[in-house]
Amino acid sequence: MGDTQASLNETSTPRGRTARQVLLRRLADVVSLPASRINAFERAVVGDLLVDVLRPATLEERRRVALRLAPLGELPDALKRLLLRDEPPVAAPLLEDCAALSDADLIGCARDATIRHRLMMAARRDLSEAVTDTLLSWGEEPVIAAVLANPSARLTQTSLEGVIALSRSSRALCTALLKRPELRPSGAYVMFWWCGPDDRRVILQRFAVSRDVMQTSVEDVFALAAEEGWADPVARKALQFIERRQRNRAAIEKSPYADLEAAVAAAAAHGLSRDLVGEIGHLSGVKPLTAAKIMGDPGGEPVAILCKAAGLTSSSLQTLWRSMRRPETTADGPVHPDWSRVQLTYEMLAVDRAQTVLRYWNWSLSSALTPTLLRAIRDGEDQMIDEYSAPERAAALALADNFGR
C-alpha cells in the first residue's frame, strides 16, 4: 500500500522512463487501489483507459502490468479480456492464479485464445466443471493430460466419458484417468480392453467390486421373478447380473459336452473353433460375442477373469491357454511374461469380483448391443453415443476396433 501511495504522489517523471511507461504504472496502481479508495465505476473507467494505453505497449510492459494486477480480487472486465487473450507471458500471471477471474472469463479465454493459454489454465487451482468441460471439448491431448493431472479440477461424467473414448486412440491418457476420483467402474471396465498391463492391474484392484450387498438386498426378488416366469426382461437382465451362480445350467443340459471343463479339454485336443468358443461362452454364462472378445484379447487377462468367474481351476486355465496357442515360455526357456501375468491375474481376483467384471462385459457387449447401436458402431456415429445408456456406450467403445474403426 505504501508503494502504491508513493507512486500516486510522485510529481516528477522518474529518470530513464517515458511518460507512457509512467502512465502505465500509475494507471495500474489506481486500478489496484482498495474499494475504500475507489468505487467500482471509477475503477471501470480507469480500466478502460488502461486498456487503450496497453494495446500499443511492448510485451514486457504488458507483462509487468499483468504481474501487478494478478494478486487482485477484482479487475475491470475490459482489462481482463485484453490481458487474458494476450501473449502467453502476459496472460500467464492471471491464468495461473488470479482470483478475479470468473468461470465466464476463463471459458471465454479458452475459446478465443491458444493451446498454450489452455495449458496454463488447465493447471489452475479449483477449476469448475464448466471450465473443464470447455478445456476438454477441444480434444487436445496435452491439455486433457494437464486437466487430469490437476487434483483440484472437477470433471463431469459426460466430459470423463469423452476422455475415456479418446483414450482408446491416446493410450497415454489411461493412467491419468485411473487416478481421477470421478472415474466409475463402468468407465474402467471398458477401458480395460485397451489399457496396458499395469493399468489393467490397477482396474482389477480398484474397480472389481463385490456384489454381496446387492445379492443380500434382492434375495427375495429371485423367487418373485421366478413366479412370474421371468417375463420381465428388464428385471431378468438385472437379476442375471446380481445372482451368485455364473455357469449356465440350461446350456449344460443342451451342450454336447458334459460340463465346461469337458469343453475346455475338447478345445485343447482339437483347437478353438468359432463354435467351440461360443459353446465355452454359453457354458460360462456369457454370450458368444463376449467369449470371442475375451479369447481374442492380445494381453490374455480376460481369459483369466473368465476362468476365475466360472469356477475353472488354474489347471483348466492352462489348458485353455494352450488351446489358444498362446506361449507359456520364451525362446530362452523362462516363463513368458504374458502367461505369468495371466496366472497372476487369476490368483489375485476373488471369484465374486471376477464375476462382476465378466458380467459387466457381457451386459455391455451383448445384452446392450441392439441393432440400432450396432449400426451406429459400424457407421462411426460417435455423435449419437450420448443417446445410449452406460452399457450401450461401453459396447460402442469396446467393439469399435472389431468393426475396423
# chains A, B, ... in the order shown; residues from 1 in each chain; ligands from 1
$ select_by_dssp --residues "region 103-340 of chain A" --states "alpha helix (DSSP H)" --output "PyMOL selection string"
chain A and resi 103-112+115-122+129-137+141-149+157-167+173-178+185-191+197-207+212-217+219-227+233-242+249-254+260-270+274-284+288-295+301-309+314-323+337-340
$ atom_distance --atom1 "CA of Ile115 (chain A)" --atom2 "CA of Glu74 (chain A)"
25.7 Å
$ closest_residue --among "A:Leu177, A:Ala153, A:Leu106, A:Ala310" --to "Arg249 (chain A)" --atoms "only C-alpha atoms"
A:Ala310
$ closest_residue --among "A:Glu253, A:Glu227, A:Asp352, A:Glu140" --to "Gly311 (chain A)" --atoms "only C-alpha atoms"
A:Asp352
$ closest_residue --among "A:Asp86, A:Glu279, A:Glu228, A:Glu96" --to "Ala70 (chain A)" --atoms "only C-alpha atoms"
A:Glu96
$ atom_distance --atom1 "CA of Val31 (chain A)" --atom2 "CA of Arg43 (chain A)"
5.6 Å
$ atom_distance --atom1 "CA of Met121 (chain A)" --atom2 "CA of Leu69 (chain A)"
17.2 Å
$ residues_around --residues "Ala263 (chain A)" --least-positions-apart "3" --cutoff "8 Å" --atoms "only C-alpha atoms" --output "VMD selection string"
chain A and resid 257 to 260 266 to 267 276 279 to 280
$ write_last_selection --atoms "all heavy atoms" --output "mmCIF file, in the first residue's frame"
data_model
loop_
_atom_site.group_PDB
_atom_site.id
_atom_site.type_symbol
_atom_site.label_atom_id
_atom_site.label_comp_id
_atom_site.auth_asym_id
_atom_site.auth_seq_id
_atom_site.Cartn_x
_atom_site.Cartn_y
_atom_site.Cartn_z
ATOM 1 N N TYR A 257 -21.204 -81.372 -24.536
ATOM 2 C CA TYR A 257 -20.148 -81.650 -23.565
ATOM 3 C C TYR A 257 -20.759 -81.811 -22.173
ATOM 4 O O TYR A 257 -21.777 -81.200 -21.842
ATOM 5 C CB TYR A 257 -19.128 -80.512 -23.550
ATOM 6 C CG TYR A 257 -18.532 -80.250 -24.911
ATOM 7 C CD1 TYR A 257 -19.015 -79.199 -25.706
ATOM 8 C CD2 TYR A 257 -17.525 -81.065 -25.420
ATOM 9 C CE1 TYR A 257 -18.491 -78.976 -26.966
ATOM 10 C CE2 TYR A 257 -16.993 -80.848 -26.683
ATOM 11 C CZ TYR A 257 -17.476 -79.800 -27.456
ATOM 12 O OH TYR A 257 -16.965 -79.581 -28.712
ATOM 13 N N ALA A 258 -20.111 -82.645 -21.381
ATOM 14 C CA ALA A 258 -20.642 -82.950 -20.057
ATOM 15 C C ALA A 258 -20.661 -81.724 -19.160
ATOM 16 O O ALA A 258 -21.572 -81.550 -18.348
ATOM 17 C CB ALA A 258 -19.811 -84.068 -19.408
ATOM 18 N N ASP A 259 -19.660 -80.869 -19.284
ATOM 19 C CA ASP A 259 -19.592 -79.656 -18.486
ATOM 20 C C ASP A 259 -18.585 -78.703 -19.116
ATOM 21 O O ASP A 259 -18.030 -78.995 -20.195
ATOM 22 C CB ASP A 259 -19.209 -79.959 -17.031
ATOM 23 C CG ASP A 259 -17.952 -80.816 -16.919
ATOM 24 O OD1 ASP A 259 -17.117 -80.789 -17.855
ATOM 25 O OD2 ASP A 259 -17.795 -81.522 -15.903
ATOM 26 N N LEU A 260 -18.345 -77.597 -18.467
ATOM 27 C CA LEU A 260 -17.428 -76.586 -19.001
ATOM 28 C C LEU A 260 -16.004 -77.137 -19.100
ATOM 29 O O LEU A 260 -15.288 -76.871 -20.067
ATOM 30 C CB LEU A 260 -17.460 -75.341 -18.109
ATOM 31 C CG LEU A 260 -16.522 -74.188 -18.467
ATOM 32 C CD1 LEU A 260 -16.758 -73.695 -19.895
ATOM 33 C CD2 LEU A 260 -16.696 -73.033 -17.468
ATOM 34 N N ALA A 266 -11.806 -80.325 -24.804
ATOM 35 C CA ALA A 266 -12.005 -80.528 -26.238
ATOM 36 C C ALA A 266 -11.269 -79.467 -27.043
ATOM 37 O O ALA A 266 -10.718 -79.746 -28.114
ATOM 38 C CB ALA A 266 -13.503 -80.499 -26.555
ATOM 39 N N ALA A 267 -11.254 -78.246 -26.510
ATOM 40 C CA ALA A 267 -10.529 -77.169 -27.188
ATOM 41 C C ALA A 267 -9.037 -77.463 -27.228
ATOM 42 O O ALA A 267 -8.352 -77.208 -28.224
ATOM 43 C CB ALA A 267 -10.781 -75.839 -26.475
ATOM 44 N N LEU A 276 -16.779 -73.706 -30.852
ATOM 45 C CA LEU A 276 -16.354 -74.101 -29.514
ATOM 46 C C LEU A 276 -16.177 -72.896 -28.598
ATOM 47 O O LEU A 276 -16.488 -72.955 -27.410
ATOM 48 C CB LEU A 276 -15.056 -74.902 -29.588
ATOM 49 C CG LEU A 276 -14.624 -75.653 -28.323
ATOM 50 C CD1 LEU A 276 -15.791 -76.441 -27.717
ATOM 51 C CD2 LEU A 276 -13.459 -76.574 -28.612
ATOM 52 N N GLU A 279 -19.572 -72.152 -27.495
ATOM 53 C CA GLU A 279 -20.039 -73.142 -26.531
ATOM 54 C C GLU A 279 -19.440 -72.900 -25.149
ATOM 55 O O GLU A 279 -20.134 -72.987 -24.131
ATOM 56 C CB GLU A 279 -19.679 -74.544 -27.022
ATOM 57 C CG GLU A 279 -20.330 -75.657 -26.232
ATOM 58 C CD GLU A 279 -21.862 -75.665 -26.365
ATOM 59 O OE1 GLU A 279 -22.385 -75.250 -27.424
ATOM 60 O OE2 GLU A 279 -22.528 -76.062 -25.386
ATOM 61 N N ILE A 280 -18.136 -72.584 -25.101
ATOM 62 C CA ILE A 280 -17.490 -72.274 -23.823
ATOM 63 C C ILE A 280 -18.145 -71.029 -23.206
ATOM 64 O O ILE A 280 -18.360 -70.964 -21.998
ATOM 65 C CB ILE A 280 -15.972 -72.061 -24.023
ATOM 66 C CG1 ILE A 280 -15.302 -73.395 -24.351
ATOM 67 C CG2 ILE A 280 -15.340 -71.433 -22.787
ATOM 68 C CD1 ILE A 280 -13.836 -73.275 -24.728
#
$ residues_around --residues "Glu61 (chain A)" --least-positions-apart "3" --cutoff "12 Å" --atoms "only C-alpha atoms" --output "short mmCIF file (atom, residue, chain, number, x, y, z; two decimals) with all heavy atoms, in the first residue's frame"
data_model
loop_
_atom_site.label_atom_id
_atom_site.label_comp_id
_atom_site.auth_asym_id
_atom_site.auth_seq_id
_atom_site.Cartn_x
_atom_site.Cartn_y
_atom_site.Cartn_z
N ARG A 17 12.67 6.86 -17.84
CA ARG A 17 11.38 6.26 -18.19
C ARG A 17 10.55 7.27 -18.96
O ARG A 17 10.53 8.46 -18.65
CB ARG A 17 10.65 5.80 -16.93
CG ARG A 17 11.40 4.71 -16.16
CD ARG A 17 10.73 4.37 -14.85
NE ARG A 17 9.39 3.80 -15.07
CZ ARG A 17 8.55 3.51 -14.08
NH1 ARG A 17 8.90 3.79 -12.83
NH2 ARG A 17 7.39 2.99 -14.34
N THR A 18 9.81 6.75 -19.97
CA THR A 18 8.98 7.63 -20.78
C THR A 18 7.68 7.94 -20.06
O THR A 18 7.31 7.26 -19.08
CB THR A 18 8.66 6.98 -22.13
OG1 THR A 18 7.84 5.82 -21.90
CG2 THR A 18 9.95 6.56 -22.85
N ARG A 20 4.76 7.39 -21.21
CA ARG A 20 3.82 6.27 -21.36
C ARG A 20 4.10 5.18 -20.33
O ARG A 20 3.17 4.60 -19.76
CB ARG A 20 3.92 5.68 -22.77
CG ARG A 20 2.94 4.53 -22.99
CD ARG A 20 3.12 3.88 -24.33
NE ARG A 20 2.78 4.80 -25.41
CZ ARG A 20 2.88 4.50 -26.71
NH1 ARG A 20 3.33 3.31 -27.06
NH2 ARG A 20 2.55 5.38 -27.63
N GLN A 21 5.37 4.90 -20.08
CA GLN A 21 5.72 3.89 -19.09
C GLN A 21 5.26 4.28 -17.69
O GLN A 21 4.72 3.46 -16.94
CB GLN A 21 7.23 3.64 -19.10
CG GLN A 21 7.73 2.95 -20.36
CD GLN A 21 9.25 2.92 -20.43
OE1 GLN A 21 9.93 3.78 -19.86
NE2 GLN A 21 9.79 1.94 -21.13
N VAL A 22 5.46 5.54 -17.36
CA VAL A 22 5.00 6.02 -16.05
C VAL A 22 3.48 5.99 -15.98
O VAL A 22 2.89 5.62 -14.96
CB VAL A 22 5.54 7.43 -15.77
CG1 VAL A 22 4.97 7.97 -14.46
CG2 VAL A 22 7.05 7.42 -15.74
N LEU A 23 2.83 6.35 -17.09
CA LEU A 23 1.37 6.34 -17.13
C LEU A 23 0.82 4.93 -16.91
O LEU A 23 -0.16 4.73 -16.17
CB LEU A 23 0.88 6.91 -18.46
CG LEU A 23 -0.64 7.05 -18.63
CD1 LEU A 23 -1.23 7.97 -17.57
CD2 LEU A 23 -0.97 7.55 -20.04
N LEU A 24 1.44 3.95 -17.55
CA LEU A 24 1.02 2.56 -17.36
C LEU A 24 1.09 2.17 -15.89
O LEU A 24 0.17 1.58 -15.33
CB LEU A 24 1.90 1.62 -18.18
CG LEU A 24 1.54 1.39 -19.65
CD1 LEU A 24 2.60 0.55 -20.34
CD2 LEU A 24 0.18 0.70 -19.77
N ARG A 25 2.21 2.52 -15.26
CA ARG A 25 2.40 2.19 -13.85
C ARG A 25 1.36 2.88 -12.98
O ARG A 25 0.76 2.26 -12.08
CB ARG A 25 3.82 2.60 -13.43
CG ARG A 25 4.11 2.48 -11.94
CD ARG A 25 4.00 1.04 -11.44
NE ARG A 25 4.17 0.97 -9.99
CZ ARG A 25 5.35 0.83 -9.38
NH1 ARG A 25 6.46 0.75 -10.09
NH2 ARG A 25 5.40 0.76 -8.08
N ALA A 28 -2.15 1.40 -13.49
CA ALA A 28 -2.22 0.08 -12.84
C ALA A 28 -2.32 0.24 -11.33
O ALA A 28 -3.05 -0.51 -10.66
CB ALA A 28 -0.99 -0.75 -13.21
N VAL A 53 -4.04 2.33 -23.35
CA VAL A 53 -2.61 2.58 -23.24
C VAL A 53 -1.83 1.27 -23.38
O VAL A 53 -0.69 1.25 -23.87
CB VAL A 53 -2.28 3.26 -21.89
CG1 VAL A 53 -0.79 3.54 -21.77
CG2 VAL A 53 -3.07 4.57 -21.76
N LEU A 54 -2.43 0.16 -22.97
CA LEU A 54 -1.75 -1.14 -23.02
C LEU A 54 -1.63 -1.70 -24.44
O LEU A 54 -0.65 -2.37 -24.76
CB LEU A 54 -2.50 -2.16 -22.16
CG LEU A 54 -2.11 -2.27 -20.69
CD1 LEU A 54 -3.06 -3.23 -19.97
CD2 LEU A 54 -0.68 -2.76 -20.54
N ARG A 55 -2.62 -1.43 -25.28
CA ARG A 55 -2.65 -2.05 -26.61
C ARG A 55 -1.34 -1.84 -27.38
O ARG A 55 -0.80 -2.81 -27.93
CB ARG A 55 -3.84 -1.54 -27.42
CG ARG A 55 -5.18 -2.04 -26.92
CD ARG A 55 -6.30 -1.64 -27.86
NE ARG A 55 -7.61 -1.88 -27.29
CZ ARG A 55 -8.23 -3.05 -27.25
NH1 ARG A 55 -7.62 -4.11 -27.76
NH2 ARG A 55 -9.42 -3.18 -26.72
N PRO A 56 -0.80 -0.63 -27.47
CA PRO A 56 0.44 -0.44 -28.23
C PRO A 56 1.71 -0.65 -27.39
O PRO A 56 2.82 -0.48 -27.89
CB PRO A 56 0.34 1.01 -28.69
CG PRO A 56 -0.43 1.70 -27.60
CD PRO A 56 -1.40 0.69 -27.09
N ALA A 57 1.57 -1.02 -26.13
CA ALA A 57 2.74 -1.20 -25.25
C ALA A 57 3.53 -2.43 -25.67
O ALA A 57 3.02 -3.34 -26.35
CB ALA A 57 2.29 -1.32 -23.80
N THR A 58 4.79 -2.48 -25.26
CA THR A 58 5.62 -3.65 -25.55
C THR A 58 5.17 -4.84 -24.73
O THR A 58 4.46 -4.69 -23.72
CB THR A 58 7.09 -3.36 -25.23
OG1 THR A 58 7.24 -3.19 -23.82
CG2 THR A 58 7.58 -2.11 -25.96
N ARG A 64 4.50 -6.71 -17.18
CA ARG A 64 4.66 -6.08 -15.87
C ARG A 64 3.31 -5.64 -15.29
O ARG A 64 3.06 -5.78 -14.10
CB ARG A 64 5.60 -4.88 -15.98
CG ARG A 64 7.06 -5.26 -16.20
CD ARG A 64 7.91 -4.01 -16.36
NE ARG A 64 9.32 -4.36 -16.58
CZ ARG A 64 10.25 -3.48 -16.88
NH1 ARG A 64 9.94 -2.19 -17.02
NH2 ARG A 64 11.50 -3.87 -17.05
N VAL A 65 2.45 -5.13 -16.16
CA VAL A 65 1.11 -4.73 -15.71
C VAL A 65 0.33 -5.96 -15.25
O VAL A 65 -0.35 -5.94 -14.21
CB VAL A 65 0.36 -3.98 -16.82
CG1 VAL A 65 -1.12 -3.79 -16.43
CG2 VAL A 65 1.00 -2.64 -17.10
N ALA A 66 0.44 -7.06 -16.01
CA ALA A 66 -0.26 -8.29 -15.63
C ALA A 66 0.22 -8.79 -14.28
O ALA A 66 -0.58 -9.22 -13.44
CB ALA A 66 -0.05 -9.35 -16.70
N LEU A 67 1.53 -8.74 -14.05
CA LEU A 67 2.07 -9.15 -12.76
C LEU A 67 1.56 -8.27 -11.63
O LEU A 67 1.29 -8.73 -10.52
CB LEU A 67 3.61 -9.11 -12.80
CG LEU A 67 4.30 -10.24 -13.58
CD1 LEU A 67 5.78 -9.92 -13.77
CD2 LEU A 67 4.14 -11.57 -12.84
N ARG A 68 1.43 -6.99 -11.93
CA ARG A 68 0.96 -6.03 -10.93
C ARG A 68 -0.49 -6.29 -10.55
O ARG A 68 -0.90 -6.13 -9.40
CB ARG A 68 1.10 -4.60 -11.50
CG ARG A 68 0.58 -3.49 -10.59
CD ARG A 68 1.55 -3.25 -9.44
NE ARG A 68 1.09 -2.18 -8.59
CZ ARG A 68 0.26 -2.35 -7.56
NH1 ARG A 68 -0.22 -3.55 -7.28
NH2 ARG A 68 -0.08 -1.33 -6.80
N LEU A 83 -5.96 -8.76 -21.31
CA LEU A 83 -4.77 -9.44 -20.80
C LEU A 83 -4.86 -10.96 -20.96
O LEU A 83 -3.85 -11.62 -21.23
CB LEU A 83 -4.56 -9.07 -19.32
CG LEU A 83 -4.19 -7.61 -19.05
CD1 LEU A 83 -4.14 -7.33 -17.56
CD2 LEU A 83 -2.85 -7.26 -19.71
N PRO A 89 3.16 -15.07 -22.13
CA PRO A 89 3.89 -14.48 -20.99
C PRO A 89 3.10 -13.40 -20.27
O PRO A 89 3.29 -13.17 -19.07
CB PRO A 89 5.15 -13.90 -21.64
CG PRO A 89 5.34 -14.67 -22.90
CD PRO A 89 3.95 -14.96 -23.39
N VAL A 90 2.19 -12.73 -20.99
CA VAL A 90 1.36 -11.69 -20.38
C VAL A 90 0.17 -12.32 -19.67
O VAL A 90 -0.17 -11.93 -18.54
CB VAL A 90 0.86 -10.69 -21.46
CG1 VAL A 90 -0.05 -9.64 -20.83
CG2 VAL A 90 2.05 -10.04 -22.17
#
$ residues_around --residues "Cys307 (chain A)" --least-positions-apart "3" --cutoff "12 Å" --atoms "only C-alpha atoms" --output "ChimeraX atom specification"
/A:246-247,260-261,264,280-281,283-286,291,294-295,300-304,310-321,342-343,345-347,349-351,354-355,358
